[in-house]
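The structure file entry-v4.txt is reproduced below (compact mmCIF, C-alpha atoms and all ligand atoms).
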```
# COMPACT_ATOMS: atom_id res chain seq x y z
CA MET E 366 130.18 90.73 104.92
CA GLU E 367 128.49 89.39 108.02
CA ILE E 368 129.70 90.85 111.31
CA GLN E 369 130.07 88.36 114.14
CA ASN E 370 128.38 89.47 117.35
CA HIS E 371 131.65 89.59 119.26
CA ASP E 372 133.12 91.90 116.58
CA PHE E 373 130.69 94.75 117.15
CA ASP E 374 132.53 96.04 120.22
CA SER E 375 135.84 96.23 118.39
CA CYS E 376 134.42 97.61 115.10
CA PHE E 377 132.03 100.37 116.15
CA PRO E 378 131.67 103.07 118.82
CA LYS E 379 128.93 102.10 121.22
CA VAL E 380 126.53 103.71 123.65
CA LYS E 381 124.40 102.23 126.41
CA TYR E 382 120.79 102.88 125.44
CA TRP E 383 118.48 101.38 128.03
CA GLY E 384 119.05 98.54 130.47
CA ASP E 385 121.49 96.21 128.75
CA ILE E 386 120.61 97.45 125.24
CA VAL E 387 123.64 98.79 123.42
CA LEU E 388 123.62 100.79 120.20
CA TYR E 389 126.51 100.89 117.73
CA GLN E 390 127.48 103.85 115.60
CA PHE E 391 127.92 103.41 111.88
CA GLN E 392 128.55 106.38 109.58
CA GLY E 393 127.20 108.81 112.17
CA PHE E 394 123.97 106.93 113.03
CA TRP E 395 123.07 104.57 115.88
CA PHE E 396 121.89 100.99 115.34
CA LEU E 397 120.88 97.87 117.21
CA PRO E 398 123.33 95.11 116.24
CA ARG E 399 120.74 93.19 114.19
CA HIS E 400 119.70 96.33 112.31
CA LEU E 401 123.32 97.15 111.56
CA GLN E 402 123.86 93.63 110.30
CA GLY E 403 120.81 94.00 108.03
CA THR E 404 121.91 97.44 106.88
CA LYS E 405 125.28 96.12 105.80
CA GLN E 406 123.56 93.33 103.86
CA VAL E 407 121.35 95.90 102.13
CA LEU E 408 124.39 97.98 101.19
CA ASP E 409 126.19 94.90 99.85
CA HIS E 410 123.33 93.20 98.02
CA PHE E 411 120.31 95.39 97.30
CA LYS E 412 120.02 96.66 93.74
CA PRO E 413 116.85 98.70 93.34
CA LEU E 414 114.91 98.19 90.13
CA PRO E 415 113.83 101.29 88.19
CA ASN E 416 110.18 100.88 89.12
CA ASP E 417 110.77 100.02 92.79
CA VAL E 418 109.08 102.26 95.35
CA ILE E 419 111.00 102.71 98.57
CA LEU E 420 109.33 104.04 101.69
CA ALA E 421 111.91 105.61 104.00
CA SER E 422 111.21 106.79 107.53
CA PHE E 423 112.52 107.20 111.03
CA PRO E 424 110.82 104.68 113.38
CA LYS E 425 107.38 105.66 114.73
CA THR E 426 106.68 108.39 112.24
CA GLY E 427 103.84 106.72 110.33
CA THR E 428 105.61 103.91 108.46
CA THR E 429 102.73 101.46 108.92
CA TRP E 430 100.19 103.98 107.62
CA LEU E 431 102.28 104.80 104.57
CA LYS E 432 102.81 101.10 103.89
CA ALA E 433 99.05 100.61 103.74
CA LEU E 434 98.57 103.72 101.60
CA LEU E 435 101.34 102.94 99.12
CA TYR E 436 100.15 99.37 98.77
CA SER E 437 96.57 100.53 98.13
CA VAL E 438 97.50 103.25 95.68
CA ILE E 439 99.75 100.96 93.66
CA ASN E 440 97.64 97.80 93.91
CA ARG E 441 94.19 99.31 93.71
CA ALA E 442 92.66 96.07 92.45
CA SER E 443 94.03 94.18 95.47
CA ILE E 444 93.12 96.66 98.17
CA ASN E 445 91.20 93.94 100.04
CA GLN E 446 94.56 92.28 100.80
CA LEU E 447 94.71 94.77 103.67
CA VAL E 448 91.92 92.89 105.40
CA THR E 449 93.98 89.72 105.80
CA ASN E 450 97.59 90.92 105.62
CA HIS E 451 99.39 93.22 108.02
CA PRO E 452 100.85 96.25 106.18
CA HIS E 453 104.33 95.15 107.27
CA GLU E 454 103.86 91.84 105.45
CA LEU E 455 102.70 93.58 102.28
CA VAL E 456 105.58 96.06 102.33
CA PRO E 457 108.63 94.44 103.92
CA SER E 458 111.52 96.29 105.48
CA LEU E 459 114.79 95.91 103.60
CA GLU E 460 117.13 95.74 106.58
CA ILE E 461 114.77 93.78 108.83
CA GLN E 462 112.72 91.39 106.68
CA VAL E 463 114.42 91.16 103.31
CA TYR E 464 118.10 91.26 104.26
CA GLY E 465 117.77 91.03 108.03
CA ARG E 466 118.96 87.49 108.47
CA PRO E 467 122.60 86.54 108.58
CA VAL E 468 123.42 85.07 105.19
CA ALA E 469 126.25 83.12 103.70
CA ASN E 470 126.74 84.38 100.17
CA SER E 471 123.39 85.11 98.67
CA PRO E 472 120.77 87.47 100.08
CA PRO E 473 117.62 85.80 101.47
CA VAL E 474 115.26 87.82 99.37
CA HIS E 475 111.69 87.74 100.59
CA PHE E 476 109.71 90.02 98.35
CA PRO E 477 105.93 89.92 98.70
CA SER E 478 103.93 88.20 95.99
CA ASN E 479 100.33 89.18 96.80
CA THR E 480 100.22 92.22 94.56
CA SER E 481 98.37 93.12 91.40
CA SER E 482 101.23 95.25 90.15
CA SER E 483 104.80 94.45 89.18
CA THR E 484 106.04 97.37 91.28
CA ARG E 485 107.91 96.26 94.37
CA ILE E 486 107.25 98.36 97.45
CA LEU E 487 109.91 98.14 100.13
CA SER E 488 110.61 100.10 103.26
CA THR E 489 113.69 101.18 105.15
CA HIS E 490 114.79 103.11 108.22
CA ILE E 491 118.33 103.45 106.86
CA PRO E 492 119.33 107.14 106.75
CA PHE E 493 119.81 108.77 103.35
CA GLN E 494 123.41 109.63 104.26
CA ILE E 495 124.13 105.87 104.30
CA LEU E 496 121.76 104.66 101.57
CA SER E 497 122.20 107.44 98.99
CA LYS E 498 124.46 105.51 96.63
CA THR E 499 122.08 102.54 96.57
CA LEU E 500 118.98 104.69 96.10
CA ASN E 501 120.60 106.71 93.36
CA SER E 502 121.80 103.64 91.49
CA SER E 503 118.40 103.31 89.79
CA GLU E 504 115.38 105.37 88.83
CA CYS E 505 113.43 103.99 91.82
CA ARG E 506 111.17 106.43 93.61
CA VAL E 507 111.48 107.27 97.30
CA ILE E 508 108.77 108.42 99.67
CA TYR E 509 109.84 109.80 103.05
CA VAL E 510 107.45 110.36 105.93
CA ALA E 511 108.48 112.61 108.82
CA ARG E 512 106.63 113.39 112.04
CA ASN E 513 106.73 115.97 114.78
CA PRO E 514 109.70 114.84 116.91
CA LYS E 515 107.78 115.24 120.16
CA ASP E 516 105.01 112.87 119.05
CA THR E 517 107.68 110.57 117.61
CA ILE E 518 109.39 110.35 121.01
CA ILE E 519 106.14 109.51 122.77
CA SER E 520 105.25 106.90 120.18
CA LEU E 521 108.74 105.38 120.46
CA TRP E 522 108.57 105.38 124.25
CA HIS E 523 105.25 103.50 124.29
CA PHE E 524 106.46 101.11 121.61
CA GLU E 525 109.74 100.24 123.31
CA ASN E 526 108.07 99.81 126.66
CA SER E 527 105.52 97.47 125.07
CA ILE E 528 108.30 95.30 123.65
CA TYR E 529 110.60 95.22 126.59
CA LEU E 530 108.02 95.00 129.34
CA GLY E 531 107.17 91.65 127.77
CA GLN E 532 110.75 90.75 128.65
CA LYS E 533 110.11 91.84 132.24
CA ARG E 534 112.20 94.99 132.17
CA GLU E 535 111.50 98.11 134.16
CA PRO E 536 109.73 100.74 132.04
CA GLN E 537 112.11 103.16 130.37
CA PRO E 538 111.99 106.51 132.19
CA LEU E 539 110.58 109.19 129.85
CA GLU E 540 113.38 111.54 130.91
CA ASP E 541 115.95 109.00 129.63
CA ILE E 542 114.44 108.57 126.18
CA VAL E 543 114.09 112.35 125.79
CA ALA E 544 117.77 112.75 126.70
CA SER E 545 118.83 110.02 124.24
CA PHE E 546 116.63 111.51 121.51
CA CYS E 547 118.08 114.97 122.07
CA ASP E 548 121.68 113.80 121.91
CA GLY E 549 120.89 111.62 118.88
CA SER E 550 121.63 108.21 120.36
CA VAL E 551 118.34 106.45 119.64
CA ILE E 552 117.69 103.63 117.19
CA PHE E 553 118.44 105.00 113.67
CA GLY E 554 119.15 108.40 115.24
CA PRO E 555 120.00 111.20 115.25
CA TYR E 556 116.38 111.88 114.28
CA PHE E 557 117.02 115.40 112.98
CA ASP E 558 119.85 114.30 110.66
CA HIS E 559 117.67 111.43 109.45
CA VAL E 560 114.90 113.82 108.41
CA LEU E 561 117.29 116.38 106.96
CA GLY E 562 119.04 113.85 104.74
CA TYR E 563 115.84 112.94 102.91
CA GLN E 564 114.26 116.38 103.10
CA LYS E 565 117.20 118.10 101.41
CA GLU E 566 117.25 115.50 98.67
CA SER E 567 113.51 115.94 98.08
CA LEU E 568 114.02 119.68 97.63
CA GLU E 569 116.74 119.08 95.06
CA ARG E 570 115.09 116.17 93.25
CA PRO E 571 111.34 116.33 93.77
CA GLU E 572 110.71 114.02 90.82
CA LYS E 573 112.46 111.17 92.67
CA PHE E 574 111.99 112.00 96.37
CA PHE E 575 108.53 112.70 97.82
CA PHE E 576 108.61 114.21 101.31
CA ILE E 577 105.48 114.27 103.44
CA THR E 578 104.69 114.68 107.10
CA TYR E 579 102.37 112.65 109.27
CA GLU E 580 100.63 115.88 110.23
CA GLU E 581 100.00 116.91 106.60
CA LEU E 582 98.49 113.52 105.88
CA LYS E 583 96.30 113.70 108.96
CA SER E 584 95.04 117.17 108.13
CA ASP E 585 94.04 116.42 104.53
CA PRO E 586 94.52 112.77 103.58
CA ASN E 587 92.48 112.98 100.35
CA ILE E 588 94.61 115.69 98.79
CA HIS E 589 97.88 114.05 99.75
CA VAL E 590 96.86 110.57 98.63
CA LYS E 591 96.01 112.06 95.22
CA ARG E 592 99.43 113.77 95.11
CA LEU E 593 101.11 110.53 96.09
CA ALA E 594 99.36 108.64 93.28
CA GLU E 595 100.45 111.27 90.76
CA PHE E 596 104.03 111.17 92.02
CA LEU E 597 104.02 107.37 91.67
CA GLY E 598 102.82 107.61 88.08
CA CYS E 599 99.48 105.94 88.80
CA PRO E 600 97.02 108.82 89.16
CA PHE E 601 93.37 108.20 89.97
CA VAL E 602 91.28 108.34 86.80
CA GLY E 603 87.61 108.16 85.91
CA GLU E 604 84.48 110.02 86.91
CA ASP E 605 84.52 108.88 90.51
CA ILE E 606 88.04 109.97 91.47
CA ASP E 607 86.92 111.45 94.77
CA GLU E 608 85.16 108.22 95.73
CA GLN E 609 88.20 106.14 94.82
CA VAL E 610 90.49 108.34 96.90
CA LYS E 611 88.12 108.28 99.85
CA GLU E 612 88.01 104.49 99.67
CA VAL E 613 91.81 104.25 99.83
CA VAL E 614 91.93 106.71 102.75
CA ARG E 615 89.17 104.84 104.58
CA SER E 616 90.76 101.42 104.02
CA CYS E 617 94.06 102.67 105.42
CA SER E 618 92.76 104.65 108.38
CA ILE E 619 93.90 103.46 111.78
CA GLU E 620 90.28 102.89 112.77
CA THR E 621 89.69 100.53 109.83
CA LEU E 622 93.02 98.74 110.08
CA LYS E 623 92.65 98.15 113.81
CA LYS E 624 89.43 96.24 113.18
CA HIS E 625 91.11 93.55 111.08
CA GLU E 626 91.98 90.45 113.05
CA VAL E 627 95.45 90.30 111.54
CA ASN E 628 96.30 93.74 112.91
CA ASN E 629 94.86 92.93 116.32
CA SER E 630 96.94 89.87 116.75
CA SER E 631 99.32 89.35 119.66
CA ASP E 632 101.37 87.03 117.45
CA VAL E 633 104.97 88.07 116.97
CA PRO E 634 106.16 87.63 113.38
CA SER E 635 109.36 85.63 112.84
CA TRP E 636 111.26 88.72 111.72
CA SER E 637 110.31 90.87 114.70
CA ARG E 638 110.20 91.14 118.48
CA VAL E 639 106.89 92.99 118.52
CA SER E 640 103.36 91.77 118.04
CA TYR E 641 101.40 92.79 114.96
CA LYS E 642 99.03 94.85 117.09
CA SER E 643 101.75 96.95 118.71
CA LEU E 644 102.15 98.89 115.46
CA PHE E 645 98.77 100.54 116.03
CA ARG E 646 98.23 102.77 119.06
CA LYS E 647 96.40 106.11 119.04
CA GLY E 648 97.49 107.66 115.77
CA GLN E 649 96.89 111.20 116.97
CA VAL E 650 98.65 114.50 116.40
CA GLY E 651 99.85 116.23 119.57
CA ASP E 652 99.80 113.28 121.97
CA HIS E 653 103.11 114.54 123.41
CA MET E 654 101.17 117.23 125.26
CA ASN E 655 99.84 114.49 127.54
CA TYR E 656 103.32 113.42 128.57
CA LEU E 657 106.18 115.87 128.02
CA THR E 658 107.05 118.54 130.59
CA GLU E 659 107.53 122.15 129.54
CA ASP E 660 111.24 121.79 129.99
CA MET E 661 111.38 118.71 127.71
CA ILE E 662 109.37 120.54 125.05
CA LYS E 663 111.73 123.52 125.22
CA ARG E 664 114.78 121.30 124.83
CA ILE E 665 113.38 119.47 121.80
CA ASP E 666 112.09 122.66 120.17
CA ALA E 667 115.49 124.34 120.59
CA ILE E 668 117.27 121.52 118.76
CA ARG E 669 114.58 121.48 116.09
CA SER E 670 114.96 125.20 115.42
CA GLU E 671 118.72 124.93 115.28
CA LYS E 672 118.80 121.88 113.02
CA PHE E 673 115.96 122.85 110.70
CA TYR E 674 117.01 126.50 110.49
CA GLY E 675 116.41 127.78 106.98
CA LEU E 676 114.21 124.85 105.97
CA ALA E 677 110.44 124.96 105.95
CA ALA E 678 109.29 123.89 109.40
CA THR E 679 107.45 120.87 108.11
CA THR E 680 107.46 118.77 111.25
P1 LIG E 701 101.17 106.56 118.07
O1 LIG E 701 102.10 105.73 118.90
O2 LIG E 701 101.36 108.03 118.29
O3 LIG E 701 99.75 106.17 118.18
P2 LIG E 701 105.33 103.48 112.68
O4 LIG E 701 104.35 102.83 111.79
O5 LIG E 701 106.36 104.30 111.95
O6 LIG E 701 105.92 102.50 113.64
O7 LIG E 701 104.53 104.57 113.52
C1 LIG E 701 103.62 104.16 114.49
C2 LIG E 701 102.70 105.31 114.78
O8 LIG E 701 101.78 105.45 113.69
C3 LIG E 701 101.85 105.02 116.01
O9 LIG E 701 101.57 106.32 116.55
C4 LIG E 701 100.62 104.37 115.40
O10 LIG E 701 99.48 104.40 116.22
C5 LIG E 701 100.43 105.24 114.16
N1 LIG E 701 99.67 104.58 113.10
C6 LIG E 701 99.70 103.28 112.73
N2 LIG E 701 98.84 103.08 111.71
C7 LIG E 701 98.27 104.27 111.44
C8 LIG E 701 97.28 104.69 110.49
N3 LIG E 701 96.71 103.85 109.66
N4 LIG E 701 96.93 105.99 110.49
C9 LIG E 701 97.49 106.86 111.35
N5 LIG E 701 98.42 106.53 112.27
C10 LIG E 701 98.81 105.24 112.32
```
Kindly transcribe the structure held in the file into C-alpha cells.
Ligand code: A3P
Amino acid sequence: MEIQNHDFDSCFPKVKYWGDIVLYQFQGFWFLPRHLQGTKQVLDHFKPLPNDVILASFPKTGTTWLKALLYSVINRASINQLVTNHPHELVPSLEIQVYGRPVANSPPVHFPSNTSSSTRILSTHIPFQILSKTLNSSECRVIYVARNPKDTIISLWHFENSIYLGQKREPQPLEDIVASFCDGSVIFGPYFDHVLGYQKESLERPEKFFFITYEELKSDPNIHVKRLAEFLGCPFVGEDIDEQVKEVVRSCSIETLKKHEVNNSSDVPSWSRVSYKSLFRKGQVGDHMNYLTEDMIKRIDAIRSEKFYGLAATT
C-alpha cells in the first residue's frame, strides 16, 4: 500500500540526517521516504522469476561497475550496448526505477528490453533482512558486492555533496557523515548489518548467493569475472577464453565507461536526482586515506572488528 507523505512521521521512527533530510526506520534500516515507498512496493509486488539475476549492494560499493559486468557477462553479444546506455539504464533498480513511483493498483514495471538474453538483471539496495522472503521465493540468483566501509563513506560523502550542492546546500561535514555511518543512520544503513545479511546467506547457500568485494574485483578482475560467469551458468567457452574475459573487463572498466558520452552526461534521469556522470568518480581502493583522520579510522575499524568478528575480513 502506498504511504502518504504526511503518514511517514506517524508510522516510522525518524532521524535527522543532514540539513532538512530525514530518514525513516523500517525493520531496523534507515530509508529516504521515496526509497521506503519503493521498497514497500517491491515487497508487495515483485515476484522474481527463476532465471532473474539480482544485484544487491549498499550504496557506493561498486553497484555501477557490477551492473556493467553482469550485463556484459550475460549479454555477451550485446556488449556494445554499454557504449550508448548508462549501466543504470541497462540494469534498473527495483525500488528506485521499477517500483519507485507511487502506483495505484498495478506496479509500473519498467524492465529493460535491450538485451540479447531472456535473463532479467535487476538491482537493489534493500537489505537481505527485509528482502529475504522475496528473494527466496524463486530460484533467482543474487550477487552482492561489498566494499571497504572507509572508502564507502568517502564515496558516499562525495556523492551526496555533489547532489545536494546542486540544491545550494552547505557541504556535509565529513565528521557528520562518519558519525551517522558509525551509528548506522545512513541511507540503507546500518552498513555493517547490510553486508552481514547477504554475507551470511552466501556462506550458507553459495549456489544462490555470490558475495564479492570491490577490492577483490580490483585486484584480479579477470579471475573474478570468470567465476561470476560460472556462477551465473554462462561460463566463457572456446579457445580464446582469456581474450573474451579481458574484453569484458576492459569494456566495464571505469576508464572505458567514463569515455562514453552517455556516462559523461550532466543530464539527470527522470528516476533520479543525480546526473549520469556522478556515478563515476575515481574508482580507487584506499581513497579514504586522503580524507579520514586517524581517530575516524580507529572508530570505523573498531565497529568493523566487532561486527564482523568470526567472519572472514573480506572488506
Ligand atoms: P569512488 O567514489 O570511490 O570513486 P556505486 O556504483 O555503488 O554508486 O559506487 C560508486 C563507486 O564506484 C564510485 O567510487 C565510482 O567511482 C566507482 N565506480 C563506478 N564505476 C566503476 C567501474 N567501472 N570500475 C570501478 N569503480 C567504479
Within 10 Å of ligand LIG 701 (chain E), counting all atoms listed in the file, which protein or nucleic acid residues do you find, written as a VMD selection string?
chain E and resid 421 to 434 452 to 453 490 510 to 512 515 to 524 579 to 580 582 to 583 586 614 to 623 628 642 to 653
9 Å contact set for Leu388 of chain E, all atoms listed in the file, chain neighbours under 5 positions out, as JSON, numbers by chain
{"E": [378, 379, 380, 381, 382, 395, 396, 397, 398, 550, 551, 552]}
What is the distance between atom CA of Lys565 of chain E and atom CA of Val418 of chain E, in Å to one decimal?
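Computing the Euclidean distance for atom CA of Lys565 of chain E and atom CA of Val418 of chain E yields 18.8 Å.
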Put a box with edges along x, y and z around all the listed atoms of segment 519-527 of chain E, pad it by 3 Å on each side, then give me its centre and sizes in Å, one decimal, as lines of an AutoDock Vina configuration file.
```
center_x = 107.5
center_y = 103.5
center_z = 123.4
size_x = 10.5
size_y = 18.0
size_z = 12.5
```
Which one is closest to Gly465 of chain E: E:Lys672, E:Arg399, E:Arg664, E:Arg592? Count all atoms listed in the file.
E:Arg399
Just the number, please: distance in Å from atom CA of Leu561 of chain E to atom CA of Gln494 of chain E, one decimal.
9.5 Å
Pairwise distance, atom CA of Ile606 of chain E with atom CA of Ser584 of chain E, equals 19.5 Å
Ile577 of chain E proximity check over E:Tyr563, E:Phe546, E:Phe673, E:Phe553, using all atoms listed in the file: winner is E:Tyr563
Given all atoms listed in the file as the basis, pick out the residue of E:Ile495, E:Val448, E:Leu401, E:Ile439 nearest to Glu595 of chain E.
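Distance minimum relative to Glu595 of chain E lands on E:Ile439.
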Counting all atoms listed in the file, the residue of E:Ile461, E:Ile668, E:Leu500, E:Cys505 that sits nearest Phe596 of chain E
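Of all the options, E:Cys505 lies closest to Phe596 of chain E.
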Residues near Gln609 of chain E, anyone? I mean within 12 Å using only C-alpha atoms, not counting same-chain ones fewer than 2 positions away, as a PyMOL selection string.
chain E and resi 437-438+441-442+444+587+590-591+594+600-607+611-616
For Leu487 of chain E, which residue among E:Gly554, E:Pro413, E:Gly549, E:Pro538 is the nearest when counting all atoms listed in the file?
E:Pro413
Dump N, CA and C atoms of segment 430-458 of chain E from the given block, as a PDB file, in the first residue's frame.
```
ATOM      1  N   TRP E 430      29.599  -0.571 -11.429  1.00  0.00           N
ATOM      2  CA  TRP E 430      30.590  -1.469 -12.042  1.00  0.00           C
ATOM      3  C   TRP E 430      29.990  -2.868 -12.232  1.00  0.00           C
ATOM      4  N   LEU E 431      29.372  -3.363 -11.166  1.00  0.00           N
ATOM      5  CA  LEU E 431      28.774  -4.700 -11.257  1.00  0.00           C
ATOM      6  C   LEU E 431      27.624  -4.739 -12.256  1.00  0.00           C
ATOM      7  N   LYS E 432      26.899  -3.643 -12.377  1.00  0.00           N
ATOM      8  CA  LYS E 432      25.813  -3.608 -13.373  1.00  0.00           C
ATOM      9  C   LYS E 432      26.409  -3.808 -14.768  1.00  0.00           C
ATOM     10  N   ALA E 433      27.486  -3.082 -15.040  1.00  0.00           N
ATOM     11  CA  ALA E 433      28.122  -3.207 -16.356  1.00  0.00           C
ATOM     12  C   ALA E 433      28.650  -4.631 -16.545  1.00  0.00           C
ATOM     13  N   LEU E 434      29.287  -5.172 -15.525  1.00  0.00           N
ATOM     14  CA  LEU E 434      29.867  -6.517 -15.647  1.00  0.00           C
ATOM     15  C   LEU E 434      28.790  -7.582 -15.833  1.00  0.00           C
ATOM     16  N   LEU E 435      27.753  -7.523 -15.021  1.00  0.00           N
ATOM     17  CA  LEU E 435      26.701  -8.545 -15.128  1.00  0.00           C
ATOM     18  C   LEU E 435      26.032  -8.466 -16.501  1.00  0.00           C
ATOM     19  N   TYR E 436      25.760  -7.241 -16.926  1.00  0.00           N
ATOM     20  CA  TYR E 436      25.131  -7.077 -18.240  1.00  0.00           C
ATOM     21  C   TYR E 436      26.022  -7.693 -19.316  1.00  0.00           C
ATOM     22  N   SER E 437      27.320  -7.421 -19.253  1.00  0.00           N
ATOM     23  CA  SER E 437      28.239  -7.902 -20.303  1.00  0.00           C
ATOM     24  C   SER E 437      28.412  -9.414 -20.265  1.00  0.00           C
ATOM     25  N   VAL E 438      28.461  -9.961 -19.069  1.00  0.00           N
ATOM     26  CA  VAL E 438      28.655 -11.409 -18.957  1.00  0.00           C
ATOM     27  C   VAL E 438      27.415 -12.143 -19.484  1.00  0.00           C
ATOM     28  N   ILE E 439      26.253 -11.601 -19.155  1.00  0.00           N
ATOM     29  CA  ILE E 439      25.008 -12.293 -19.528  1.00  0.00           C
ATOM     30  C   ILE E 439      24.607 -12.011 -20.980  1.00  0.00           C
ATOM     31  N   ASN E 440      24.907 -10.798 -21.434  1.00  0.00           N
ATOM     32  CA  ASN E 440      24.527 -10.413 -22.814  1.00  0.00           C
ATOM     33  C   ASN E 440      25.780 -10.189 -23.650  1.00  0.00           C
ATOM     34  N   ARG E 441      26.594 -11.230 -23.744  1.00  0.00           N
ATOM     35  CA  ARG E 441      27.893 -11.024 -24.408  1.00  0.00           C
ATOM     36  C   ARG E 441      27.753 -10.496 -25.832  1.00  0.00           C
ATOM     37  N   ALA E 442      26.687 -10.931 -26.512  1.00  0.00           N
ATOM     38  CA  ALA E 442      26.524 -10.492 -27.906  1.00  0.00           C
ATOM     39  C   ALA E 442      26.111  -9.018 -27.992  1.00  0.00           C
ATOM     40  N   SER E 443      25.652  -8.462 -26.887  1.00  0.00           N
ATOM     41  CA  SER E 443      25.178  -7.052 -26.915  1.00  0.00           C
ATOM     42  C   SER E 443      26.082  -6.139 -26.107  1.00  0.00           C
ATOM     43  N   ILE E 444      27.315  -6.540 -25.928  1.00  0.00           N
ATOM     44  CA  ILE E 444      28.193  -5.775 -25.034  1.00  0.00           C
ATOM     45  C   ILE E 444      28.335  -4.314 -25.490  1.00  0.00           C
ATOM     46  N   ASN E 445      28.177  -4.083 -26.806  1.00  0.00           N
ATOM     47  CA  ASN E 445      28.319  -2.697 -27.291  1.00  0.00           C
ATOM     48  C   ASN E 445      27.182  -1.776 -26.823  1.00  0.00           C
ATOM     49  N   GLN E 446      26.144  -2.355 -26.223  1.00  0.00           N
ATOM     50  CA  GLN E 446      25.081  -1.520 -25.638  1.00  0.00           C
ATOM     51  C   GLN E 446      25.643  -0.596 -24.556  1.00  0.00           C
ATOM     52  N   LEU E 447      26.777  -1.008 -23.983  1.00  0.00           N
ATOM     53  CA  LEU E 447      27.391  -0.182 -22.933  1.00  0.00           C
ATOM     54  C   LEU E 447      27.915   1.150 -23.475  1.00  0.00           C
ATOM     55  N   VAL E 448      28.107   1.205 -24.774  1.00  0.00           N
ATOM     56  CA  VAL E 448      28.639   2.446 -25.356  1.00  0.00           C
ATOM     57  C   VAL E 448      27.559   3.537 -25.363  1.00  0.00           C
ATOM     58  N   THR E 449      26.313   3.120 -25.508  1.00  0.00           N
ATOM     59  CA  THR E 449      25.243   4.129 -25.651  1.00  0.00           C
ATOM     60  C   THR E 449      24.227   4.121 -24.511  1.00  0.00           C
ATOM     61  N   ASN E 450      24.367   3.171 -23.589  1.00  0.00           N
ATOM     62  CA  ASN E 450      23.416   3.116 -22.470  1.00  0.00           C
ATOM     63  C   ASN E 450      24.161   3.139 -21.141  1.00  0.00           C
ATOM     64  N   HIS E 451      23.705   3.970 -20.242  1.00  0.00           N
ATOM     65  CA  HIS E 451      24.303   4.001 -18.907  1.00  0.00           C
ATOM     66  C   HIS E 451      24.004   2.673 -18.204  1.00  0.00           C
ATOM     67  N   PRO E 452      24.969   2.125 -17.443  1.00  0.00           N
ATOM     68  CA  PRO E 452      24.714   0.846 -16.768  1.00  0.00           C
ATOM     69  C   PRO E 452      23.427   0.845 -15.936  1.00  0.00           C
ATOM     70  N   HIS E 453      23.062   2.004 -15.385  1.00  0.00           N
ATOM     71  CA  HIS E 453      21.841   2.045 -14.569  1.00  0.00           C
ATOM     72  C   HIS E 453      20.576   1.965 -15.419  1.00  0.00           C
ATOM     73  N   GLU E 454      20.682   2.223 -16.708  1.00  0.00           N
ATOM     74  CA  GLU E 454      19.518   2.037 -17.587  1.00  0.00           C
ATOM     75  C   GLU E 454      19.434   0.579 -18.031  1.00  0.00           C
ATOM     76  N   LEU E 455      20.573  -0.072 -18.140  1.00  0.00           N
ATOM     77  CA  LEU E 455      20.577  -1.475 -18.574  1.00  0.00           C
ATOM     78  C   LEU E 455      20.150  -2.402 -17.440  1.00  0.00           C
ATOM     79  N   VAL E 456      20.490  -2.014 -16.224  1.00  0.00           N
ATOM     80  CA  VAL E 456      20.149  -2.833 -15.048  1.00  0.00           C
ATOM     81  C   VAL E 456      19.431  -1.923 -14.048  1.00  0.00           C
ATOM     82  N   PRO E 457      18.107  -1.869 -14.118  1.00  0.00           N
ATOM     83  CA  PRO E 457      17.390  -0.908 -13.267  1.00  0.00           C
ATOM     84  C   PRO E 457      17.284  -1.354 -11.814  1.00  0.00           C
ATOM     85  N   SER E 458      17.138  -0.368 -10.965  1.00  0.00           N
ATOM     86  CA  SER E 458      16.976  -0.640  -9.534  1.00  0.00           C
ATOM     87  C   SER E 458      15.505  -0.926  -9.238  1.00  0.00           C
TER      88      SER E 458
END
```
